[in-house]
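In what follows, a structure is listed as structure tokens, so that the remarks can point back to it.
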Amino acid sequence: MLLPFTHFISTSQLTKDSVGDIFERADFFEKVWSSGARSELLKEKIIALLFYEPSSRTMLSFQAATQGLSAGMILAQGEDASSLKKGETIEDTIRMAALYSDLIVMRHPQAGAAEKAASVSHVPFVNAGDGGNEHPTQALLDLYTIQKERGALDGLHIALVGDLKYGRTVHSLATLLTHYHVTITLVSPPALALPESYKTMLTNAGIKYAETDALESALDADVLYMTRIQKERFDDPADYDRMKDAYMLTAAHLTKNDITVMHPLPRLQEIAADVDAFPNAAYFRQARNGVPVRMALLSMLLGK
Ligand code: NCD
């Protein structure tokens with residue numbers, strides 16, 4: 001079970017079969033990990049984690065996945081702490097990191113940075129989020145969570161809510177959903193709509209989708225995927241201020257009991273604390289799923 005690519009930049013690289021292979025392996029690692037055991041699969045490997053943009057879950061779950069596979073880890077965190085700050089190019093940083101490690105994971109504020117990095121990397125490269133473009137490992141864990149929470153993917157009605165323009169997790173997830181028989185409701189302020197290229201992709205894949213700016217009209221979905229308005233991507237802070245509270249889900253909205261509530265986190269006001277007690281509030285289980293999914297991906301990219 002190997003992947004049909006060396007570098008993982010975008011979910012558009014994944015076939016339905018390769019997603020199935022990753023999930024099968026993630027199920028295995030989930031059992032190992034929850035039993036308290038550690039795998040020794042990557043004990044001769046070193047993984048470089050380069051995080052040039054803030055991260056909590058992605059960073060920590062990649063670290064947990066690395067340790068769960070007994071790999072060594074080298075770490076660069078924050079643009080201030082790296083030579084990028086001195087003006088070094090992404091390409092040179094990656095050439096150097098590839099000399100020290102067997103696989104590179106990078107988060108970077110610039111859309112397209114992952115593609116640039118992968119083009120010069122002599123070791124497998126993983127995109128952990130490149131600006132407002134893509135976040136493919138998050139989308140994998142999101143899809144894995146949907147499958148686990150709902151039992152199956154086909155037949156679901158999924159609502160993607162919030163910042164669909166700059167939300168990289170949404171871009172990567174929408175791409176993955178094209179492999180399944182789902183219907184989608186896109187909920188956003190008009191100024192934060194899903195980019196046309198992704199809508200064309202959905203249409204070409206035969207996915208039926210509707211667009212609305214009203215959260216209320218999506219509350220009959222099976223899965224509500226809430227997202228944060230991406231403050232750091234706005235040119236004009238006034239625009240952010242105008243839209244930041246566009247959607248605030250509270251327990252009062254959840255009249256349909258079996259709606260699965262997800263969020264890549266961090267949440268700000270999009271989900272009120274009173275939703276946490278709701279049995280189908282899946283966002284913390286979703287965050288936990290990041291570890292077995294990333295273990296699966298790291299081991300497969302390293303040919304193990
Ligand atoms: C997301 C991201 O960084 O794009 N967070 C994450 O990786 N779990 C979502 C966000 O920051 O809003």
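Identifiers for the structure tokens are assigned positionally: chains receive A, B, ... in sequence, residues are indexed from 1 per chain, and ligands are indexed from 1 in the order shown.
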Task: Residue neighbourhood Lys148 in chain A, 12 Å, only C-alpha atoms, exclusion window fewer than 5 positions, as a list in words - done: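 So, after excluding close chain neighbours, the residues are Phe23, Glu24, Ala26, Asp27, Glu30, Leu141, Asp142, Leu143, Leu153, Thr260, Asn280, Ala282, Arg285, Gln286 and Asn289 of chain A.
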Atoms to include: all heavy atoms. Write the selected residues as a compact mmCIF listing (two decimals), in the first residue's frame.
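Done, and the output landed in result.txt:
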```txt
# COMPACT_ATOMS: atom_id res chain seq x y z
N PHE A 23 -7.02 5.40 4.92
CA PHE A 23 -7.97 5.23 6.04
C PHE A 23 -7.84 3.84 6.67
O PHE A 23 -7.96 3.69 7.89
CB PHE A 23 -9.41 5.47 5.56
CG PHE A 23 -9.71 6.93 5.30
CD1 PHE A 23 -8.74 7.90 5.44
CD2 PHE A 23 -11.00 7.32 4.92
CE1 PHE A 23 -9.03 9.25 5.19
CE2 PHE A 23 -11.29 8.66 4.68
CZ PHE A 23 -10.31 9.62 4.81
N GLU A 24 -7.56 2.85 5.83
CA GLU A 24 -7.38 1.49 6.36
C GLU A 24 -6.18 1.46 7.31
O GLU A 24 -6.22 0.90 8.40
CB GLU A 24 -7.14 0.55 5.19
CG GLU A 24 -7.50 -0.89 5.45
CD GLU A 24 -7.28 -1.70 4.18
OE1 GLU A 24 -7.95 -1.42 3.17
OE2 GLU A 24 -6.40 -2.58 4.22
N ALA A 26 -4.91 4.11 8.79
CA ALA A 26 -5.22 4.98 9.95
C ALA A 26 -6.01 4.18 11.00
O ALA A 26 -5.78 4.33 12.20
CB ALA A 26 -6.00 6.21 9.50
N ASP A 27 -6.92 3.32 10.54
CA ASP A 27 -7.68 2.47 11.49
C ASP A 27 -6.73 1.60 12.31
O ASP A 27 -6.90 1.42 13.51
CB ASP A 27 -8.65 1.54 10.74
CG ASP A 27 -9.88 2.29 10.22
OD1 ASP A 27 -10.16 3.40 10.71
OD2 ASP A 27 -10.56 1.75 9.31
N GLU A 30 -4.84 3.78 14.73
CA GLU A 30 -5.76 4.22 15.78
C GLU A 30 -5.80 3.16 16.90
O GLU A 30 -5.75 3.49 18.09
CB GLU A 30 -7.15 4.46 15.17
CG GLU A 30 -8.31 4.57 16.14
CD GLU A 30 -8.13 5.63 17.21
OE1 GLU A 30 -7.53 6.69 16.94
OE2 GLU A 30 -8.60 5.38 18.35
N LEU A 141 -8.12 14.12 7.46
CA LEU A 141 -8.65 13.78 8.79
C LEU A 141 -10.11 14.21 8.92
O LEU A 141 -10.89 13.57 9.63
CB LEU A 141 -7.76 14.33 9.90
CG LEU A 141 -7.84 15.81 10.27
CD1 LEU A 141 -8.86 16.06 11.35
CD2 LEU A 141 -6.47 16.26 10.76
N ASP A 142 -10.49 15.24 8.20
CA ASP A 142 -11.90 15.65 8.20
C ASP A 142 -12.77 14.56 7.56
O ASP A 142 -13.81 14.18 8.09
CB ASP A 142 -12.09 16.96 7.42
CG ASP A 142 -11.44 18.15 8.11
OD1 ASP A 142 -11.15 18.07 9.32
OD2 ASP A 142 -11.22 19.18 7.43
N LEU A 143 -12.32 14.08 6.42
CA LEU A 143 -13.09 13.04 5.72
C LEU A 143 -13.13 11.75 6.54
O LEU A 143 -14.16 11.08 6.63
CB LEU A 143 -12.46 12.78 4.35
CG LEU A 143 -13.34 11.97 3.40
CD1 LEU A 143 -14.49 12.82 2.88
CD2 LEU A 143 -12.53 11.45 2.21
N LEU A 153 -19.87 7.60 3.60
CA LEU A 153 -19.80 8.93 3.00
C LEU A 153 -20.90 9.13 1.96
O LEU A 153 -21.50 10.21 1.87
CB LEU A 153 -18.43 9.13 2.36
CG LEU A 153 -17.28 9.19 3.38
CD1 LEU A 153 -15.93 8.92 2.73
CD2 LEU A 153 -17.26 10.56 4.06
N THR A 260 -24.07 16.14 12.55
CA THR A 260 -22.70 16.06 13.06
C THR A 260 -22.04 17.43 12.91
O THR A 260 -21.97 17.96 11.80
CB THR A 260 -21.91 15.00 12.26
OG1 THR A 260 -22.56 13.75 12.44
CG2 THR A 260 -20.47 14.90 12.73
N ASN A 280 -23.30 14.83 19.16
CA ASN A 280 -22.76 14.86 17.80
C ASN A 280 -21.82 16.03 17.54
O ASN A 280 -21.49 16.31 16.39
CB ASN A 280 -23.89 14.86 16.78
CG ASN A 280 -24.59 13.51 16.75
OD1 ASN A 280 -23.95 12.49 16.96
ND2 ASN A 280 -25.88 13.52 16.52
N ALA A 282 -18.51 16.89 17.08
CA ALA A 282 -17.42 15.95 16.79
C ALA A 282 -16.05 16.63 16.71
O ALA A 282 -15.06 15.97 16.43
CB ALA A 282 -17.71 15.23 15.47
N ARG A 285 -13.10 15.09 18.69
CA ARG A 285 -12.77 13.76 18.14
C ARG A 285 -12.05 13.94 16.80
O ARG A 285 -11.10 13.23 16.48
CB ARG A 285 -14.04 12.91 17.94
CG ARG A 285 -14.69 12.50 19.25
CD ARG A 285 -15.77 11.45 19.04
NE ARG A 285 -16.97 11.92 18.38
CZ ARG A 285 -17.98 12.56 18.96
NH1 ARG A 285 -17.92 12.84 20.26
NH2 ARG A 285 -19.05 12.93 18.29
N GLN A 286 -12.53 14.91 16.03
CA GLN A 286 -11.92 15.25 14.73
C GLN A 286 -10.44 15.61 14.93
O GLN A 286 -9.57 15.10 14.22
CB GLN A 286 -12.71 16.43 14.16
CG GLN A 286 -12.29 16.98 12.83
CD GLN A 286 -13.14 18.23 12.48
OE1 GLN A 286 -14.08 18.59 13.20
NE2 GLN A 286 -12.81 18.88 11.38
N ASN A 289 -8.35 12.59 15.59
CA ASN A 289 -8.14 11.75 14.40
C ASN A 289 -6.93 12.20 13.58
O ASN A 289 -6.44 11.46 12.73
CB ASN A 289 -9.39 11.75 13.51
CG ASN A 289 -10.52 10.94 14.13
OD1 ASN A 289 -10.28 10.05 14.94
ND2 ASN A 289 -11.76 11.25 13.76
```
Per-residue nearest contacts of chain A to ligand 1 (10 Å; only C-alpha atoms and all ligand atoms) as JSON lines:
```
{"residue": "A:Glu53", "atom": "CA", "partner": "ligand 1", "partner_atom_place_in_ligand_line": "3 (O)", "distance": 8.6}
{"residue": "A:Pro54", "atom": "CA", "partner": "ligand 1", "partner_atom_place_in_ligand_line": "3 (O)", "distance": 7.7}
{"residue": "A:Ser55", "atom": "CA", "partner": "ligand 1", "partner_atom_place_in_ligand_line": "3 (O)", "distance": 6.3}
{"residue": "A:Ser56", "atom": "CA", "partner": "ligand 1", "partner_atom_place_in_ligand_line": "8 (N)", "distance": 7.3}
{"residue": "A:Arg57", "atom": "CA", "partner": "ligand 1", "partner_atom_place_in_ligand_line": "8 (N)", "distance": 5.5}
{"residue": "A:Thr58", "atom": "CA", "partner": "ligand 1", "partner_atom_place_in_ligand_line": "7 (O)", "distance": 5.1}
{"residue": "A:Met59", "atom": "CA", "partner": "ligand 1", "partner_atom_place_in_ligand_line": "7 (O)", "distance": 8.3}
{"residue": "A:Ser61", "atom": "CA", "partner": "ligand 1", "partner_atom_place_in_ligand_line": "8 (N)", "distance": 9.8}
{"residue": "A:Arg107", "atom": "CA", "partner": "ligand 1", "partner_atom_place_in_ligand_line": "3 (O)", "distance": 8.7}
{"residue": "A:Pro109", "atom": "CA", "partner": "ligand 1", "partner_atom_place_in_ligand_line": "3 (O)", "distance": 9.8}
{"residue": "A:Ala128", "atom": "CA", "partner": "ligand 1", "partner_atom_place_in_ligand_line": "7 (O)", "distance": 7.6}
{"residue": "A:Gly129", "atom": "CA", "partner": "ligand 1", "partner_atom_place_in_ligand_line": "4 (O)", "distance": 6.2}
{"residue": "A:Asp130", "atom": "CA", "partner": "ligand 1", "partner_atom_place_in_ligand_line": "4 (O)", "distance": 8.5}
{"residue": "A:Gly131", "atom": "CA", "partner": "ligand 1", "partner_atom_place_in_ligand_line": "4 (O)", "distance": 8.0}
{"residue": "A:Gly132", "atom": "CA", "partner": "ligand 1", "partner_atom_place_in_ligand_line": "4 (O)", "distance": 7.7}
{"residue": "A:Asn133", "atom": "CA", "partner": "ligand 1", "partner_atom_place_in_ligand_line": "4 (O)", "distance": 9.2}
{"residue": "A:Glu134", "atom": "CA", "partner": "ligand 1", "partner_atom_place_in_ligand_line": "4 (O)", "distance": 8.0}
{"residue": "A:His135", "atom": "CA", "partner": "ligand 1", "partner_atom_place_in_ligand_line": "4 (O)", "distance": 6.3}
{"residue": "A:Pro136", "atom": "CA", "partner": "ligand 1", "partner_atom_place_in_ligand_line": "7 (O)", "distance": 9.7}
{"residue": "A:Thr137", "atom": "CA", "partner": "ligand 1", "partner_atom_place_in_ligand_line": "7 (O)", "distance": 8.7}
{"residue": "A:Gln138", "atom": "CA", "partner": "ligand 1", "partner_atom_place_in_ligand_line": "7 (O)", "distance": 6.2}
{"residue": "A:Ala139", "atom": "CA", "partner": "ligand 1", "partner_atom_place_in_ligand_line": "7 (O)", "distance": 9.4}
{"residue": "A:Leu141", "atom": "CA", "partner": "ligand 1", "partner_atom_place_in_ligand_line": "8 (N)", "distance": 9.9}
{"residue": "A:Asp142", "atom": "CA", "partner": "ligand 1", "partner_atom_place_in_ligand_line": "8 (N)", "distance": 9.8}
{"residue": "A:Gly162", "atom": "CA", "partner": "ligand 1", "partner_atom_place_in_ligand_line": "12 (O)", "distance": 9.9}
{"residue": "A:Asp163", "atom": "CA", "partner": "ligand 1", "partner_atom_place_in_ligand_line": "12 (O)", "distance": 8.8}
{"residue": "A:Tyr166", "atom": "CA", "partner": "ligand 1", "partner_atom_place_in_ligand_line": "4 (O)", "distance": 9.0}
{"residue": "A:Gly167", "atom": "CA", "partner": "ligand 1", "partner_atom_place_in_ligand_line": "4 (O)", "distance": 6.4}
{"residue": "A:Arg168", "atom": "CA", "partner": "ligand 1", "partner_atom_place_in_ligand_line": "4 (O)", "distance": 5.6}
{"residue": "A:Thr169", "atom": "CA", "partner": "ligand 1", "partner_atom_place_in_ligand_line": "4 (O)", "distance": 5.6}
{"residue": "A:Val170", "atom": "CA", "partner": "ligand 1", "partner_atom_place_in_ligand_line": "4 (O)", "distance": 8.8}
{"residue": "A:Met226", "atom": "CA", "partner": "ligand 1", "partner_atom_place_in_ligand_line": "12 (O)", "distance": 9.5}
{"residue": "A:Thr227", "atom": "CA", "partner": "ligand 1", "partner_atom_place_in_ligand_line": "12 (O)", "distance": 6.1}
{"residue": "A:Arg228", "atom": "CA", "partner": "ligand 1", "partner_atom_place_in_ligand_line": "12 (O)", "distance": 4.8}
{"residue": "A:Ile229", "atom": "CA", "partner": "ligand 1", "partner_atom_place_in_ligand_line": "12 (O)", "distance": 7.0}
{"residue": "A:Gln230", "atom": "CA", "partner": "ligand 1", "partner_atom_place_in_ligand_line": "12 (O)", "distance": 6.1}
{"residue": "A:Lys231", "atom": "CA", "partner": "ligand 1", "partner_atom_place_in_ligand_line": "12 (O)", "distance": 8.9}
{"residue": "A:Glu232", "atom": "CA", "partner": "ligand 1", "partner_atom_place_in_ligand_line": "11 (O)", "distance": 9.3}
{"residue": "A:His263", "atom": "CA", "partner": "ligand 1", "partner_atom_place_in_ligand_line": "9 (C)", "distance": 8.0}
{"residue": "A:Pro264", "atom": "CA", "partner": "ligand 1", "partner_atom_place_in_ligand_line": "8 (N)", "distance": 4.4}
{"residue": "A:Leu265", "atom": "CA", "partner": "ligand 1", "partner_atom_place_in_ligand_line": "8 (N)", "distance": 4.9}
{"residue": "A:Pro266", "atom": "CA", "partner": "ligand 1", "partner_atom_place_in_ligand_line": "12 (O)", "distance": 5.7}
{"residue": "A:Arg267", "atom": "CA", "partner": "ligand 1", "partner_atom_place_in_ligand_line": "12 (O)", "distance": 7.2}
{"residue": "A:Leu268", "atom": "CA", "partner": "ligand 1", "partner_atom_place_in_ligand_line": "12 (O)", "distance": 9.1}
{"residue": "A:Gln286", "atom": "CA", "partner": "ligand 1", "partner_atom_place_in_ligand_line": "8 (N)", "distance": 9.5}
{"residue": "A:Ala287", "atom": "CA", "partner": "ligand 1", "partner_atom_place_in_ligand_line": "8 (N)", "distance": 7.4}
{"residue": "A:Gly290", "atom": "CA", "partner": "ligand 1", "partner_atom_place_in_ligand_line": "8 (N)", "distance": 9.0}
```
Just write the chosen residues, C-alpha atoms, as a PDB file, in the first residue's frame.
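Result file is out.pdb:
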```
ATOM      1  CA  GLU A  53       2.805  30.181  10.423  1.00  0.00           C
ATOM      2  CA  PRO A  54       0.949  29.675  13.738  1.00  0.00           C
ATOM      3  CA  SER A  55      -0.318  26.160  14.395  1.00  0.00           C
ATOM      4  CA  SER A  56      -1.488  24.140  17.366  1.00  0.00           C
ATOM      5  CA  ARG A  57      -3.299  20.978  16.273  1.00  0.00           C
ATOM      6  CA  THR A  58      -1.444  20.393  13.023  1.00  0.00           C
ATOM      7  CA  MET A  59       1.932  20.902  14.683  1.00  0.00           C
ATOM      8  CA  SER A  61      -0.522  16.005  15.929  1.00  0.00           C
ATOM      9  CA  ARG A 107       3.340  25.161   6.875  1.00  0.00           C
ATOM     10  CA  PRO A 109       1.753  31.710   4.931  1.00  0.00           C
ATOM     11  CA  ALA A 128       0.699  21.356   6.256  1.00  0.00           C
ATOM     12  CA  GLY A 129      -1.123  24.434   4.940  1.00  0.00           C
ATOM     13  CA  ASP A 130       0.069  26.986   2.366  1.00  0.00           C
ATOM     14  CA  GLY A 131      -1.638  30.325   2.906  1.00  0.00           C
ATOM     15  CA  GLY A 132      -5.247  30.377   1.746  1.00  0.00           C
ATOM     16  CA  ASN A 133      -4.626  27.620  -0.769  1.00  0.00           C
ATOM     17  CA  GLU A 134      -4.774  24.071   0.610  1.00  0.00           C
ATOM     18  CA  HIS A 135      -4.428  22.015   3.766  1.00  0.00           C
ATOM     19  CA  PRO A 136      -4.581  18.461   2.456  1.00  0.00           C
ATOM     20  CA  THR A 137      -3.751  16.524   5.636  1.00  0.00           C
ATOM     21  CA  GLN A 138      -6.529  18.366   7.481  1.00  0.00           C
ATOM     22  CA  ALA A 139      -8.998  17.416   4.749  1.00  0.00           C
ATOM     23  CA  LEU A 141      -8.648  13.781   8.788  1.00  0.00           C
ATOM     24  CA  ASP A 142     -11.903  15.651   8.200  1.00  0.00           C
ATOM     25  CA  GLY A 162     -18.013  30.296   6.966  1.00  0.00           C
ATOM     26  CA  ASP A 163     -14.969  31.516   5.085  1.00  0.00           C
ATOM     27  CA  TYR A 166      -9.768  31.830   2.198  1.00  0.00           C
ATOM     28  CA  GLY A 167     -10.482  28.632   4.134  1.00  0.00           C
ATOM     29  CA  ARG A 168      -7.812  26.242   2.888  1.00  0.00           C
ATOM     30  CA  THR A 169      -9.324  23.280   4.730  1.00  0.00           C
ATOM     31  CA  VAL A 170     -12.557  23.791   2.781  1.00  0.00           C
ATOM     32  CA  MET A 226     -18.057  25.211  10.498  1.00  0.00           C
ATOM     33  CA  THR A 227     -14.969  27.334   9.802  1.00  0.00           C
ATOM     34  CA  ARG A 228     -13.295  30.436  11.186  1.00  0.00           C
ATOM     35  CA  ILE A 229     -13.291  33.652   9.173  1.00  0.00           C
ATOM     36  CA  GLN A 230      -9.583  33.785   8.201  1.00  0.00           C
ATOM     37  CA  LYS A 231      -8.587  37.159   9.665  1.00  0.00           C
ATOM     38  CA  GLU A 232      -4.948  36.844   8.559  1.00  0.00           C
ATOM     39  CA  HIS A 263     -14.728  22.405  12.833  1.00  0.00           C
ATOM     40  CA  PRO A 264     -11.016  22.219  11.946  1.00  0.00           C
ATOM     41  CA  LEU A 265     -10.406  24.521  14.945  1.00  0.00           C
ATOM     42  CA  PRO A 266      -9.424  26.952  16.325  1.00  0.00           C
ATOM     43  CA  ARG A 267     -12.988  28.191  16.808  1.00  0.00           C
ATOM     44  CA  LEU A 268     -13.700  31.759  17.744  1.00  0.00           C
ATOM     45  CA  GLN A 286     -11.921  15.250  14.732  1.00  0.00           C
ATOM     46  CA  ALA A 287      -8.764  16.874  16.157  1.00  0.00           C
ATOM     47  CA  GLY A 290      -5.267  13.887  13.118  1.00  0.00           C
TER      48      GLY A 290
END
```
Open item on the list: Going by DSSP on the backbone, which residues of range 32-66 of chain A come out as helix (DSSP H, G or I)? List them as a ChimeraX atom specification.
Closed with: /A:32-34,57-66
Can I get the selected residues back with C-alpha atoms, as a compact mmCIF listing (two decimals), in the first residue's frame?
```
# COMPACT_ATOMS: atom_id res chain seq x y z
CA VAL A 32 -2.13 0.79 18.20
CA TRP A 33 -2.16 4.32 19.50
CA SER A 34 -5.26 4.01 21.68
CA ARG A 57 -3.30 20.98 16.27
CA THR A 58 -1.44 20.39 13.02
CA MET A 59 1.93 20.90 14.68
CA LEU A 60 1.13 18.86 17.79
CA SER A 61 -0.52 16.00 15.93
CA PHE A 62 2.38 15.76 13.46
CA GLN A 63 4.69 15.63 16.49
CA ALA A 64 2.53 12.96 18.14
CA ALA A 65 2.38 10.99 14.88
CA THR A 66 6.17 11.21 14.52
```
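Residue nearest Ile158 in chain A, chosen from A:Ala214, A:Ala193, A:Val126, A:Val261 and counting only C-alpha atoms: A:Val261.
Each of A:Leu14, A:Ala191, A:Ala281, A:Tyr100 was compared to Arg242 in chain A using only C-alpha atoms, and A:Ala191 turns out to be the nearest.
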List the spatial neighbours of range 1-9 of chain A as a PDB file with N, CA, C and O atoms, in the first residue's frame - criterion: any atom at most 6 Å away, only C-alpha atoms, same-chain residues fewer than 3 positions off excluded.
```
ATOM      1  N   PRO A 124      10.494  13.122   0.531  1.00  0.00           N
ATOM      2  CA  PRO A 124       9.061  13.389   0.472  1.00  0.00           C
ATOM      3  C   PRO A 124       8.700  14.665   1.239  1.00  0.00           C
ATOM      4  O   PRO A 124       9.255  14.943   2.299  1.00  0.00           O
ATOM      5  N   PHE A 125       7.773  15.403   0.665  1.00  0.00           N
ATOM      6  CA  PHE A 125       7.364  16.697   1.227  1.00  0.00           C
ATOM      7  C   PHE A 125       5.852  16.668   1.483  1.00  0.00           C
ATOM      8  O   PHE A 125       5.088  16.189   0.653  1.00  0.00           O
ATOM      9  N   VAL A 126       5.431  17.216   2.620  1.00  0.00           N
ATOM     10  CA  VAL A 126       4.006  17.270   2.961  1.00  0.00           C
ATOM     11  C   VAL A 126       3.596  18.716   3.232  1.00  0.00           C
ATOM     12  O   VAL A 126       4.214  19.405   4.051  1.00  0.00           O
ATOM     13  N   ASN A 127       2.542  19.143   2.565  1.00  0.00           N
ATOM     14  CA  ASN A 127       1.984  20.482   2.776  1.00  0.00           C
ATOM     15  C   ASN A 127       1.096  20.488   4.028  1.00  0.00           C
ATOM     16  O   ASN A 127       0.068  19.826   4.071  1.00  0.00           O
ATOM     17  N   MET A 300       3.351   5.798   4.893  1.00  0.00           N
ATOM     18  CA  MET A 300       3.172   5.434   3.474  1.00  0.00           C
ATOM     19  C   MET A 300       4.109   6.244   2.573  1.00  0.00           C
ATOM     20  O   MET A 300       4.691   5.710   1.634  1.00  0.00           O
TER      21      MET A 300
END
```
Open item on the list: When you look at Lys304 in chain A with a cut-off of 10 Å (counting only C-alpha atoms), what residues show up, excluding the ones that are within fewer than 5 positions of it in the same chain? I need them as a PyMOL selection string.
Closed with: chain A and resi 1-2+41-42+296+298-299
Write out, as an mmCIF file, in the first residue's frame, the residues just selected, with N, CA, C and O atoms.
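Full text of part_33.cif as output:
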```
data_model
loop_
_atom_site.group_PDB
_atom_site.id
_atom_site.type_symbol
_atom_site.label_atom_id
_atom_site.label_comp_id
_atom_site.auth_asym_id
_atom_site.auth_seq_id
_atom_site.Cartn_x
_atom_site.Cartn_y
_atom_site.Cartn_z
ATOM 1 N N MET A 1 0.842 -1.205 0.000
ATOM 2 C CA MET A 1 0.000 0.000 0.000
ATOM 3 C C MET A 1 0.868 1.243 0.000
ATOM 4 O O MET A 1 1.198 1.788 1.045
ATOM 5 N N LEU A 2 1.282 1.655 -1.181
ATOM 6 C CA LEU A 2 2.067 2.877 -1.258
ATOM 7 C C LEU A 2 1.228 3.937 -1.951
ATOM 8 O O LEU A 2 0.207 3.637 -2.575
ATOM 9 N N LEU A 41 7.916 1.577 13.347
ATOM 10 C CA LEU A 41 8.020 1.536 11.891
ATOM 11 C C LEU A 41 9.032 2.535 11.326
ATOM 12 O O LEU A 41 9.715 2.252 10.358
ATOM 13 N N LEU A 42 9.109 3.715 11.925
ATOM 14 C CA LEU A 42 9.990 4.747 11.363
ATOM 15 C C LEU A 42 11.183 5.036 12.268
ATOM 16 O O LEU A 42 11.705 6.150 12.306
ATOM 17 N N ALA A 296 -0.525 7.340 9.324
ATOM 18 C CA ALA A 296 -0.718 6.556 8.098
ATOM 19 C C ALA A 296 0.010 7.216 6.936
ATOM 20 O O ALA A 296 0.775 6.577 6.205
ATOM 21 N N LEU A 298 2.485 9.535 6.898
ATOM 22 C CA LEU A 298 3.948 9.591 7.027
ATOM 23 C C LEU A 298 4.566 8.238 6.687
ATOM 24 O O LEU A 298 5.539 8.151 5.939
ATOM 25 N N SER A 299 3.977 7.173 7.217
ATOM 26 C CA SER A 299 4.581 5.850 6.976
ATOM 27 C C SER A 299 4.452 5.455 5.516
ATOM 28 O O SER A 299 5.370 4.863 4.941
#
```
Open item on the list: When DSSP is applied to the backbone of this structure, which of range 63-212 of chain A are assigned strand (DSSP E)? Write them out as a ChimeraX atom specification.
Closed with: /A:72-77,103-108,125-130,157-161,183-187,208-212
Using N, CA and C atoms, can you export the residues from the last selection as a short mmCIF file (atom, residue, chain, number, x, y, z; two decimals), in the first residue's frame?
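Result file is selection.cif:
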```
data_model
loop_
_atom_site.label_atom_id
_atom_site.label_comp_id
_atom_site.auth_asym_id
_atom_site.auth_seq_id
_atom_site.Cartn_x
_atom_site.Cartn_y
_atom_site.Cartn_z
N GLY A 72 12.72 10.13 14.63
CA GLY A 72 13.33 11.33 15.21
C GLY A 72 12.68 12.55 14.60
N MET A 73 12.88 13.69 15.24
CA MET A 73 12.18 14.90 14.77
C MET A 73 13.10 16.10 14.87
N ILE A 74 13.14 16.93 13.83
CA ILE A 74 13.81 18.22 13.93
C ILE A 74 12.76 19.29 13.62
N LEU A 75 12.92 20.43 14.23
CA LEU A 75 11.82 21.37 14.32
C LEU A 75 12.26 22.81 14.07
N ALA A 76 11.52 23.53 13.21
CA ALA A 76 11.73 24.98 13.09
C ALA A 76 10.35 25.61 13.20
N GLN A 77 10.22 26.54 14.11
CA GLN A 77 8.89 27.08 14.36
C GLN A 77 8.92 28.60 14.37
N LEU A 103 11.98 13.25 5.57
CA LEU A 103 10.68 13.75 5.10
C LEU A 103 10.49 15.14 5.70
N ILE A 104 9.92 16.03 4.90
CA ILE A 104 9.71 17.41 5.37
C ILE A 104 8.21 17.72 5.42
N VAL A 105 7.76 18.27 6.53
CA VAL A 105 6.39 18.78 6.65
C VAL A 105 6.52 20.30 6.78
N MET A 106 5.80 21.06 5.97
CA MET A 106 5.94 22.52 6.07
C MET A 106 4.59 23.23 6.05
N ARG A 107 4.45 24.19 6.95
CA ARG A 107 3.34 25.16 6.88
C ARG A 107 3.95 26.52 6.56
N HIS A 108 3.29 27.23 5.65
CA HIS A 108 3.85 28.52 5.20
C HIS A 108 2.70 29.47 4.88
N PHE A 125 7.77 15.40 0.66
CA PHE A 125 7.36 16.70 1.23
C PHE A 125 5.85 16.67 1.48
N VAL A 126 5.43 17.22 2.62
CA VAL A 126 4.01 17.27 2.96
C VAL A 126 3.60 18.72 3.23
N ASN A 127 2.54 19.14 2.57
CA ASN A 127 1.98 20.48 2.78
C ASN A 127 1.10 20.49 4.03
N ALA A 128 1.50 21.25 5.03
CA ALA A 128 0.70 21.36 6.26
C ALA A 128 -0.08 22.67 6.27
N GLY A 129 -0.37 23.19 5.07
CA GLY A 129 -1.12 24.43 4.94
C GLY A 129 -0.26 25.48 4.25
N ASP A 130 -0.67 25.91 3.04
CA ASP A 130 0.07 26.99 2.37
C ASP A 130 -0.89 28.15 2.12
N HIS A 157 -25.50 14.72 3.08
CA HIS A 157 -25.66 16.14 2.76
C HIS A 157 -24.72 16.91 3.69
N ILE A 158 -23.74 17.57 3.10
CA ILE A 158 -22.70 18.23 3.90
C ILE A 158 -22.77 19.74 3.68
N ALA A 159 -22.84 20.49 4.78
CA ALA A 159 -22.84 21.95 4.68
C ALA A 159 -21.47 22.48 5.07
N LEU A 160 -20.86 23.26 4.19
CA LEU A 160 -19.57 23.91 4.47
C LEU A 160 -19.88 25.36 4.79
N VAL A 161 -19.50 25.80 5.99
CA VAL A 161 -19.99 27.08 6.49
C VAL A 161 -18.85 28.02 6.87
N THR A 183 -24.27 15.57 -1.44
CA THR A 183 -24.75 16.88 -1.85
C THR A 183 -24.17 17.91 -0.88
N ILE A 184 -23.94 19.09 -1.38
CA ILE A 184 -23.23 20.10 -0.58
C ILE A 184 -24.03 21.39 -0.54
N THR A 185 -24.11 21.99 0.65
CA THR A 185 -24.62 23.36 0.75
C THR A 185 -23.46 24.26 1.17
N LEU A 186 -23.22 25.29 0.39
CA LEU A 186 -22.13 26.23 0.66
C LEU A 186 -22.74 27.44 1.37
N VAL A 187 -22.35 27.68 2.62
CA VAL A 187 -22.92 28.79 3.38
C VAL A 187 -21.82 29.80 3.68
N LYS A 208 -24.03 17.89 -6.73
CA LYS A 208 -25.04 18.94 -6.64
C LYS A 208 -24.72 19.84 -5.44
N TYR A 209 -24.68 21.15 -5.69
CA TYR A 209 -24.46 22.04 -4.55
C TYR A 209 -25.38 23.25 -4.65
N ALA A 210 -25.68 23.82 -3.47
CA ALA A 210 -26.47 25.04 -3.41
C ALA A 210 -25.65 26.06 -2.64
N GLU A 211 -25.89 27.34 -2.91
CA GLU A 211 -25.18 28.40 -2.19
C GLU A 211 -26.17 29.28 -1.45
N THR A 212 -25.84 29.66 -0.24
CA THR A 212 -26.70 30.53 0.55
C THR A 212 -25.83 31.33 1.51
#
```
